[in-house]
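The structure under discussion appears below in the form of structure tokens.
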Amino acid sequence: MIVCGLPFVAKEPLKTLRTMWRDFRVFGRGHAKRSDAGLVLVYFSYEPDFEYLVLSLKSLAANKLINLKAVYLFVDSKAPFGEAQIARLRDLSPLLRVRSIENFSWASAESTHAEIQAFSEVSRDGFNANDYMVKVDSDILFLGGSRKLAKIQESGLAAVGDERFARNYMQGGLYFISFGALRQHILPATLDQIKGIEKRFNKTGEDLVITELLREGGVEPCFTRLMLFKHDYLKLSRVTGLTRSHFCGAHFIKDKERMTALFGKLVSDVC
């Protein structure tokens, strides 16, 4: 159910209230702020997802409260964008930096290792330790005017993710890691180390591996509600101030075809 623009699980209302209280303590006005921190977004995409990526970048432009330092796009070399498509993406985001990525396939140790090498390439561009590397999928729409993005940017936390449907690790559609934590705990990871984590959990996936690498280094991610999922955004009649305060965006996982139809409700109506 939806109450004042916030999703509640009818069977677990107390769990939602506890999450809201935790968010207030962590991201509320009394929390120490880092006014100098910035966000560096990192997309991994390919030509079949071009129109979805266009919508995601358009929604990013609807957020003026954040200190956005750069947007990196790593394109799968097996299905690259054309020159006209790249030009259109650059028009949407003047901060866009386009790179190519090899050995990329979904949910494999080699793919996770390739993503970490991409993070390393981004890190070498000299961002501050308290800036955030933001991993974001092409099927994410950022909520117009989201205040949650600014709250995370100012939080000083090492890592922030959404575990609602990932079962104790940061769901891979959208998560935040400070460059300090990224350099210390993620970038040194080897392919054998990644395979060892996957074997231990009998499960593959970059988001699981990234979360466990942080934990092995003594960093427990801050879990919060970042993304509206299908059963949330389909019930939502409008985006309220509370929605924008508690969520960054909507994740159209296995539902990309709805992004265009819901763009107005989630992004344009609150710009």
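Residues in the structure tokens are numbered from 1 in each chain, the chains being A, B, ... in the order shown, and ligands are numbered from 1 in the order shown.
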
message: Just want the 10 Å neighbourhood of Lys135 of chain A, counted on only C-alpha atoms, with same-chain residues fewer than 5 positions away dropped. Output as a list of chain:residue names.
response: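 Residues near the query, excluding close chain neighbours: A:Val40, A:Leu41, A:Val42, A:Tyr43, A:Phe44, A:Tyr72, A:Glu115, A:Phe119, A:Gly172, A:Gly173, A:Leu174, A:Tyr175, A:Phe176, A:Ile177, A:Asp207.
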
With the cut-off set at 6 Å and counting only C-alpha atoms, tabulate each residue of segment 120-166 of chain A with an atom at most that distance from an atom of segment 250-266 of chain A, showing the nearest atom pair and its distance in Å to one decimal, ordered by chain and increasing number, as a tab-separated table.
```
residue	atom	partner	partner_atom	distance
A:Asp139	CA	A:Phe252	CA	5.3
A:Ile140	CA	A:His251	CA	4.7
A:Leu141	CA	A:Ala250	CA	5.2
A:Leu143	CA	A:Leu266	CA	5.5
```

- request: For Ala107 of chain A, please output as an NGL selection string all residues within 10 Å (counting only C-alpha atoms; exclusion window: fewer than 4 positions along the same chain).
  value: :A and (111-112 or 203-207)

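The nearest approach to Asn67 of chain A among the residues A:Ala158, A:Met170, A:Leu149, A:Leu89, with only C-alpha atoms taken into account, belongs to A:Leu149.
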
task: Using only C-alpha atoms, determine which residues lie at most 12 Å from Ala87 of chain A, disregarding the query and same-chain residues fewer than 4 positions distant; provide the list as an NGL selection string.
output: :A and (54 or 81-83 or 91-94 or 96-98)

Save out the residues we just selected, C-alpha atoms, as a PDB file, in the first residue's frame.
```pdb
ATOM      1  CA  VAL A  54      18.388   8.374 -22.778  1.00  0.00           C
ATOM      2  CA  PHE A  81      26.506   2.812 -29.715  1.00  0.00           C
ATOM      3  CA  GLY A  82      26.768   4.614 -33.048  1.00  0.00           C
ATOM      4  CA  GLU A  83      28.310   8.079 -33.401  1.00  0.00           C
ATOM      5  CA  ASP A  91      23.801  16.584 -25.509  1.00  0.00           C
ATOM      6  CA  LEU A  92      21.856  15.197 -22.561  1.00  0.00           C
ATOM      7  CA  SER A  93      24.869  15.177 -20.242  1.00  0.00           C
ATOM      8  CA  PRO A  94      27.809  17.495 -20.995  1.00  0.00           C
ATOM      9  CA  LEU A  96      29.564  12.391 -20.074  1.00  0.00           C
ATOM     10  CA  ARG A  97      32.788  10.422 -20.568  1.00  0.00           C
ATOM     11  CA  VAL A  98      32.456   7.375 -22.817  1.00  0.00           C
TER      12      VAL A  98
END
```

- request: Can you list, as a PyMOL selection string, all residues belonging to segment 121-218 of chain A that DSSP tags as strand (DSSP E or B)?
  value: chain A and resi 132-136+140-142+159-161+174-178

Write out, as a compact mmCIF listing (two decimals), in the first residue's frame, the residues just selected, with N, CA, C and O atoms.
```
# COMPACT_ATOMS: atom_id res chain seq x y z
N TYR A 132 31.60 10.29 -4.14
CA TYR A 132 30.96 8.98 -4.28
C TYR A 132 30.98 8.49 -5.72
O TYR A 132 30.60 9.22 -6.64
N MET A 133 31.40 7.23 -5.88
CA MET A 133 31.19 6.51 -7.13
C MET A 133 29.78 5.92 -7.05
O MET A 133 29.47 5.18 -6.11
N VAL A 134 28.94 6.26 -8.02
CA VAL A 134 27.55 5.82 -8.01
C VAL A 134 27.35 4.85 -9.17
O VAL A 134 27.35 5.26 -10.33
N LYS A 135 27.21 3.57 -8.88
CA LYS A 135 26.92 2.58 -9.91
C LYS A 135 25.42 2.65 -10.22
O LYS A 135 24.59 2.55 -9.32
N VAL A 136 25.07 2.84 -11.50
CA VAL A 136 23.66 3.01 -11.86
C VAL A 136 23.38 2.25 -13.16
O VAL A 136 24.18 2.27 -14.09
N ILE A 140 17.24 2.76 -14.64
CA ILE A 140 16.92 3.59 -13.47
C ILE A 140 16.40 4.95 -13.94
O ILE A 140 17.05 5.62 -14.74
N LEU A 141 15.24 5.35 -13.44
CA LEU A 141 14.77 6.73 -13.57
C LEU A 141 14.98 7.42 -12.24
O LEU A 141 14.48 6.97 -11.20
N PHE A 142 15.73 8.52 -12.25
CA PHE A 142 15.87 9.30 -11.03
C PHE A 142 14.60 10.13 -10.81
O PHE A 142 14.08 10.74 -11.76
N ALA A 159 29.52 3.61 2.31
CA ALA A 159 28.76 2.93 1.26
C ALA A 159 27.29 2.95 1.62
O ALA A 159 26.92 2.79 2.78
N VAL A 160 26.45 3.13 0.59
CA VAL A 160 25.00 3.19 0.79
C VAL A 160 24.35 2.34 -0.30
O VAL A 160 24.68 2.47 -1.49
N GLY A 161 23.41 1.48 0.10
CA GLY A 161 22.71 0.64 -0.87
C GLY A 161 21.31 0.31 -0.41
O GLY A 161 20.90 0.67 0.70
N LEU A 174 21.50 0.43 -8.23
CA LEU A 174 21.95 1.75 -7.77
C LEU A 174 22.59 1.61 -6.40
O LEU A 174 21.95 1.16 -5.45
N TYR A 175 23.86 1.96 -6.30
CA TYR A 175 24.51 2.02 -4.99
C TYR A 175 25.63 3.05 -5.02
O TYR A 175 26.09 3.48 -6.09
N PHE A 176 26.07 3.44 -3.82
CA PHE A 176 27.03 4.53 -3.63
C PHE A 176 28.21 4.01 -2.80
O PHE A 176 28.01 3.41 -1.75
N ILE A 177 29.43 4.27 -3.27
CA ILE A 177 30.63 3.93 -2.51
C ILE A 177 31.58 5.12 -2.56
O ILE A 177 31.87 5.64 -3.65
N SER A 178 32.07 5.54 -1.41
CA SER A 178 33.04 6.64 -1.42
C SER A 178 34.31 6.16 -2.12
O SER A 178 34.66 4.97 -2.07
```

query: For the atom pair atom CA of Ile194 of chain A and atom CA of Glu110 of chain A, what is the interatomic distance in Å to one decimal place?
result: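 So the answer is 8.6 Å.
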
field: Close residues, Ala114 of chain A itself excluded, 9 Å, only C-alpha atoms, min 3 positions apart in chain, as number ranges by chain
entry: A: 101-104, 109-111, 117-119

Given the selection you just returned, output its residues as a file containing C-alpha atoms, formatted as a compact mmCIF listing (two decimals), in the first residue's frame.
```
# COMPACT_ATOMS: atom_id res chain seq x y z
CA ILE A 101 34.48 -2.43 -21.67
CA GLU A 102 35.57 -5.95 -22.69
CA ASN A 103 34.74 -9.40 -21.27
CA PHE A 104 31.31 -8.19 -20.21
CA ALA A 109 33.09 -13.52 -12.13
CA GLU A 110 34.83 -12.22 -15.25
CA SER A 111 32.12 -9.57 -15.72
CA GLN A 117 38.66 -2.59 -13.55
CA ALA A 118 36.29 0.05 -14.95
CA PHE A 119 35.87 1.50 -11.44
```

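Nearest residue to Ile116 of chain A, choosing from A:Leu214, A:Met227, A:Leu182, A:Leu234 and counting only C-alpha atoms: A:Leu182.
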
query: Looking at A:Ser138, A:Asn202, A:Gln193, A:Gln153, which one is nearest to Tyr52 of chain A, with distances taken over only C-alpha atoms?
result: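 So, comparing all the options, the nearest one is A:Ser138.
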
Contacts of Val219 of chain A within 9 Å, only C-alpha atoms, excl. fewer than 2 positions in-chain, as a list of chain:residue names: A:Ala158, A:Ala159, A:Ala181, A:His185, A:Thr211, A:Leu213, A:Leu214, A:Arg215, A:Glu216, A:Gly217, A:Pro221

Restricting the output to C-alpha atoms, write the selected residues as a PDB file, in the first residue's frame.
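Contents of the output file again-v7.pdb:
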```pdb
ATOM      1  CA  ALA A 158      31.448   4.798   3.227  1.00  0.00           C
ATOM      2  CA  ALA A 159      28.764   2.930   1.262  1.00  0.00           C
ATOM      3  CA  ALA A 181      36.393   2.914   0.455  1.00  0.00           C
ATOM      4  CA  HIS A 185      38.516  -2.380  -0.372  1.00  0.00           C
ATOM      5  CA  THR A 211      29.098  -5.894  -0.765  1.00  0.00           C
ATOM      6  CA  LEU A 213      34.469  -7.092  -0.431  1.00  0.00           C
ATOM      7  CA  LEU A 214      33.401  -4.111   1.674  1.00  0.00           C
ATOM      8  CA  ARG A 215      32.518  -6.373   4.602  1.00  0.00           C
ATOM      9  CA  GLU A 216      35.823  -8.211   4.371  1.00  0.00           C
ATOM     10  CA  GLY A 217      37.451  -4.802   4.781  1.00  0.00           C
ATOM     11  CA  PRO A 221      27.050  -0.619   3.982  1.00  0.00           C
TER      12      PRO A 221
END
```

- request: Tell me which of A:Lys199, A:His231, A:Lys78, A:Lys58 sits closest to Tyr46 of chain A, counting only C-alpha atoms.
  value: A:Lys78

message: Which residues are close to Pro80 of chain A, i.e. within 10 Å by only C-alpha atoms, leaving aside same-chain residues fewer than 3 positions away? Reply as a VMD selection string.
response: chain A and resid 45 to 48 50 74 to 77 83 85 to 86 100 to 101

- prompt: Which of segment 27-227 of chain A counts as alpha helix (DSSP H) under DSSP, as a PyMOL selection string please?
  reply: chain A and resi 27+50-60+83-92+109-123+147-155+179-181+191-201+206-216

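Proximity ranking of A:Ala37, A:Leu242, A:Leu73, A:Ala61 relative to Asp137 of chain A places A:Leu73 first, based on only C-alpha atoms.
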
- prompt: Between A:Cys222, A:Ile197, A:Leu65, A:Ile2, which one has atoms that come closest to Asp162 of chain A, using only C-alpha atoms?
  reply: A:Cys222

- prompt: So what do you get for atom CA of Phe223 of chain A versus atom CA of Ala129 of chain A, distance-wise?
  reply: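 Between atom CA of Phe223 of chain A and atom CA of Ala129 of chain A the gap is 20.6 Å.
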